Amino acid sequence: MLAFLQKIGKSLMLSVAVLPAAALLLRFGNIDYAQDFRLGEFGLWMNRYIAPFMDAGGSAIFDNLPLIFAIGIGIGIGGDAVAALAAVIGYLVLEHVLLQLPIVLADWSHMDSELNMGALGGLLAGLVASFFYKRYHQIQLPGWLGFFSGKRFVPIITSGAMIIISVGFGMIWGPIQHALDAFGSWVINLGGIGAFVYISANRLLLPFGLHHVLNNLAWFQIGTYVDASGQIYKGDLNRFFAGDKEAGLLMAGFFPIMMFALPAMALAIVHSAKRHRRKLISAIFLSAALASFLTGITEPLEFAFMFVAPLLYVIHALLAGLSGYITVELGVRHGFGFSAGFIDYVINFPLATKPLLILPIGLMFALFYYTLFRIIILKFNLMTPGREPEDPTADNRMSDTAVGPITSGVTSSPGSRSSGAVPLPADSTIQGNASLHKDASEQPDIAAGVTEALGGAANISSIDACITRLRLIVHDESLVDEAELKRWGALGIIHLGKGSVHAIFGMEAEKLKDRIKAIL
């Protein structure tokens, strides 16, 4: 079940990846170029001939997110274009059946006048299509129906099944819809407490890759906003970009953490490293800190200490929740199309409420994080990157492209009770770690090394990537050489059972996946 939920989370991320484009188009499509940018006649021309098309492009994505989710699930779980097509057909059937049900069953007292499953409808259609694809994509029908055998049968069976499924869900969705709306209102009415619970849970689920599932509930289901035209928007992210001034409650608290606190944590790790290794460690961590600040991608930083000091990571999760509480209670509302980095902060600044308060809050958290991490790392002698024991017999050869063992202090699983220290020789040239400042994934020896560390090509059943992690299914987990994976740059390895393994490689994970697939 855990592996299945992770696969859903990964598939949802495929759809969420289009949101930055939607946010940019929508934002630049709603700027008054004549007044805001003082562009005079050219600004009036932009307002008339350019901005409406950008606004239409952004709106097209946001208005069709459930359909986009259906496609993402079809591709991510079904793994084939036919599954994606079946998911589209399934969602369209669902949408039209839900429109007809209140008309056909108008005399039924339990039937709502309007049924809206939102993003969950896209998720349902994608799951149904993926199920039928995996079950029937090789079906053989009698000769006289041979044309419809195999993959052609999948959209047919999906459309027929979705009629029945849609009627069934439609008849029970009214109470569920009211319960979700009530839950969303309850979370929103909690104010800062709701933001604290959500953001802390988000960080705590990160090691397992399940934070995406939680995010999609918060971003696309919690809360309802109806604009002047009567269009309904569900979820904190949707509502924020639709102009709801109360939206952004669940997102604002991420900005101080991703823009300020985690970069400060990276600086604390660099300053805590052994003096002769600081240059190598800083090359990696400062670039990771810049990525966190600009884009809000934090996994390379969080996995650097997550397993070395799990208690420290729990403290970080609670502090992230505290950031949510403080921002909300001070009246800050801000949102993002991708993540809470500086780029989203600036682009969506005009849509936000009291966004300037994020800066002093962030600086406060940066100071606190730096001080806390420095004290705890030194007091408890944590084996954070750059502090690991060194092999005195090692050859100690280092080069600009062969970065030292950033991950030698990372344990193999989140449930481990060990200290997490895995001593590596000082000349363990973890080439994969250089990928933060060099495109290591293009080097075929790294892909080959990682493949061998996973037990060889024959041991890999499937491989995928999600931003910073390789998601693998292996036949025999005992063949996975964790120490060797770390030598090739893995920031951490997580075992989820039944052959499901995650290896965190940072921002080059996608390219590394492609190289390994080429080997397979």
# chains A, B, ... in the order shown; residues from 1 in each chain; ligands from 1

call {"tool": "select_by_dssp", "arguments": {"residues": "stretch 63-311 of chain A", "states": "alpha helix (DSSP H)", "output": "ChimeraX atom specification"}}
result
/A:63,65-73,81-104,118-136,153-189,192-205,211-220,236-242,254-256,262-272,278-295,299-302,310-311

call {"tool": "select_by_dssp", "arguments": {"residues": "stretch 63-250 of chain A", "states": "strand (DSSP E or B)", "output": "ChimeraX atom specification"}}
result
/A:224-226,232-234

call {"tool": "write_last_selection", "arguments": {"atoms": "C-alpha atoms", "output": "short mmCIF file (atom, residue, chain, number, x, y, z; two decimals), in the first residue's frame"}}
result
data_model
loop_
_atom_site.label_atom_id
_atom_site.label_comp_id
_atom_site.auth_asym_id
_atom_site.auth_seq_id
_atom_site.Cartn_x
_atom_site.Cartn_y
_atom_site.Cartn_z
CA THR A 224 -14.03 26.59 -1.81
CA TYR A 225 -14.09 29.94 -3.59
CA VAL A 226 -16.69 31.19 -6.08
CA ILE A 232 -15.93 27.32 -8.43
CA TYR A 233 -12.35 26.87 -7.28
CA LYS A 234 -11.31 24.25 -4.73
#

call {"tool": "closest_residue", "arguments": {"among": "A:Met171, A:Ala228, A:Ile326, A:Leu319", "to": "A:Leu105", "atoms": "only C-alpha atoms"}}
result
A:Met171

call {"tool": "closest_residue", "arguments": {"among": "A:Phe307, A:Pro142, A:Ile284, A:Gly223", "to": "A:Ala182", "atoms": "only C-alpha atoms"}}
result
A:Gly223

call {"tool": "atom_distance", "arguments": {"atom1": "atom CA of A:Arg135", "atom2": "atom CA of A:Leu101"}}
result
29.1 Å

call {"tool": "closest_residue", "arguments": {"among": "A:His211, A:Arg275, A:His334, A:Lys134", "to": "A:Leu237", "atoms": "only C-alpha atoms"}}
result
A:His334

call {"tool": "residues_around", "arguments": {"residues": "A:Ser113", "least_positions_apart": "2", "cutoff": "12 Å", "atoms": "only C-alpha atoms", "output": "VMD selection string"}}
result
chain A and resid 98 to 111 115 to 116 170 to 171 173 to 174 177

call {"tool": "closest_residue", "arguments": {"among": "A:Asp80, A:Glu452, A:Glu246, A:Asp464", "to": "A:Val501", "atoms": "only C-alpha atoms"}}
result
A:Asp464

call {"tool": "atom_distance", "arguments": {"atom1": "atom CA of A:Glu95", "atom2": "atom CA of A:Phe169"}}
result
11.5 Å

call {"tool": "atom_distance", "arguments": {"atom1": "atom CA of A:Leu351", "atom2": "atom CA of A:Gly191"}}
result
19.3 Å

call {"tool": "residues_around", "arguments": {"residues": "stretch 62-71 of chain A", "least_positions_apart": "5", "cutoff": "8 Å", "atoms": "only C-alpha atoms", "output": "list in words"}}
result
Leu12, Ser15, Leu19, Ala22, Ala84, Leu85, Ala87, Val88, Tyr91, Gly118, Ala119, Leu120, Gly121, Gly122, Leu123, Leu124, Ala125, Gly126, Leu127 and Asn238 of chain A

call {"tool": "closest_residue", "arguments": {"among": "A:Phe255, A:Leu330, A:Phe303, A:Lys245", "to": "A:Thr353", "atoms": "only C-alpha atoms"}}
result
A:Lys245

call {"tool": "closest_residue", "arguments": {"among": "A:Ser282, A:Ser166, A:Thr468, A:Ser478", "to": "A:Met117", "atoms": "only C-alpha atoms"}}
result
A:Ser166

call {"tool": "residues_around", "arguments": {"residues": "stretch 344-347 of chain A", "least_positions_apart": "2", "cutoff": "8 Å", "atoms": "only C-alpha atoms", "output": "list in words"}}
result
Leu24, Arg27, Phe255, Thr295, His334, Gly335, Phe336, Gly337, Phe338, Ser339, Ala340, Gly341, Phe342, Phe349 and Pro350 of chain A

call {"tool": "write_last_selection", "arguments": {"atoms": "C-alpha atoms", "output": "PDB file, in the first residue's frame"}}
result
ATOM      1  CA  LEU A  24       3.498  32.476 -14.953  1.00  0.00           C
ATOM      2  CA  ARG A  27       0.306  36.285 -13.521  1.00  0.00           C
ATOM      3  CA  PHE A 255       8.567  30.658   2.179  1.00  0.00           C
ATOM      4  CA  THR A 295      13.208  27.381  -6.488  1.00  0.00           C
ATOM      5  CA  HIS A 334       1.072  33.879  -0.173  1.00  0.00           C
ATOM      6  CA  GLY A 335       1.118  31.069  -2.708  1.00  0.00           C
ATOM      7  CA  PHE A 336       3.202  29.387  -5.362  1.00  0.00           C
ATOM      8  CA  GLY A 337       2.822  27.552  -8.625  1.00  0.00           C
ATOM      9  CA  PHE A 338       5.717  25.180  -7.951  1.00  0.00           C
ATOM     10  CA  SER A 339       7.384  25.717  -4.587  1.00  0.00           C
ATOM     11  CA  ALA A 340       8.073  28.441  -2.065  1.00  0.00           C
ATOM     12  CA  GLY A 341      11.271  29.852  -3.532  1.00  0.00           C
ATOM     13  CA  PHE A 342      12.267  33.408  -4.393  1.00  0.00           C
ATOM     14  CA  PHE A 349       3.897  39.066  -4.841  1.00  0.00           C
ATOM     15  CA  PRO A 350       0.992  41.188  -6.193  1.00  0.00           C
TER      16      PRO A 350
END

call {"tool": "closest_atom_pairs", "arguments": {"of": "stretch 171-212 of chain A", "to": "stretch 484-499 of chain A", "cutoff": "12 Å", "atoms": "only C-alpha atoms", "output": "tab-separated table"}}
result
residue	atom	partner	partner_atom	distance
A:Leu206	CA	A:Ile494	CA	11.4
A:Pro207	CA	A:Ile494	CA	7.8
A:Phe208	CA	A:Ile494	CA	7.7
A:Gly209	CA	A:Ile494	CA	10.0
A:Leu210	CA	A:Leu496	CA	11.8

call {"tool": "write_last_selection", "arguments": {"atoms": "C-alpha atoms", "output": "JSON list (two decimals), in the first residue's frame"}}
result
[["chain", "number", "residue", "atom", "x", "y", "z"],
["A", 206, "LEU", "CA", 8.85, 13.79, 2.84],
["A", 207, "PRO", "CA", 11.19, 10.83, 3.54],
["A", 208, "PHE", "CA", 8.52, 8.42, 2.30],
["A", 209, "GLY", "CA", 7.56, 10.49, -0.76],
["A", 210, "LEU", "CA", 3.97, 10.73, 0.50]]

call {"tool": "residues_around", "arguments": {"residues": "stretch 195-202 of chain A", "least_positions_apart": "5", "cutoff": "6 Å", "atoms": "only C-alpha atoms", "output": "PyMOL selection string"}}
result
chain A and resi 211+250+317-318+321-322+324-325
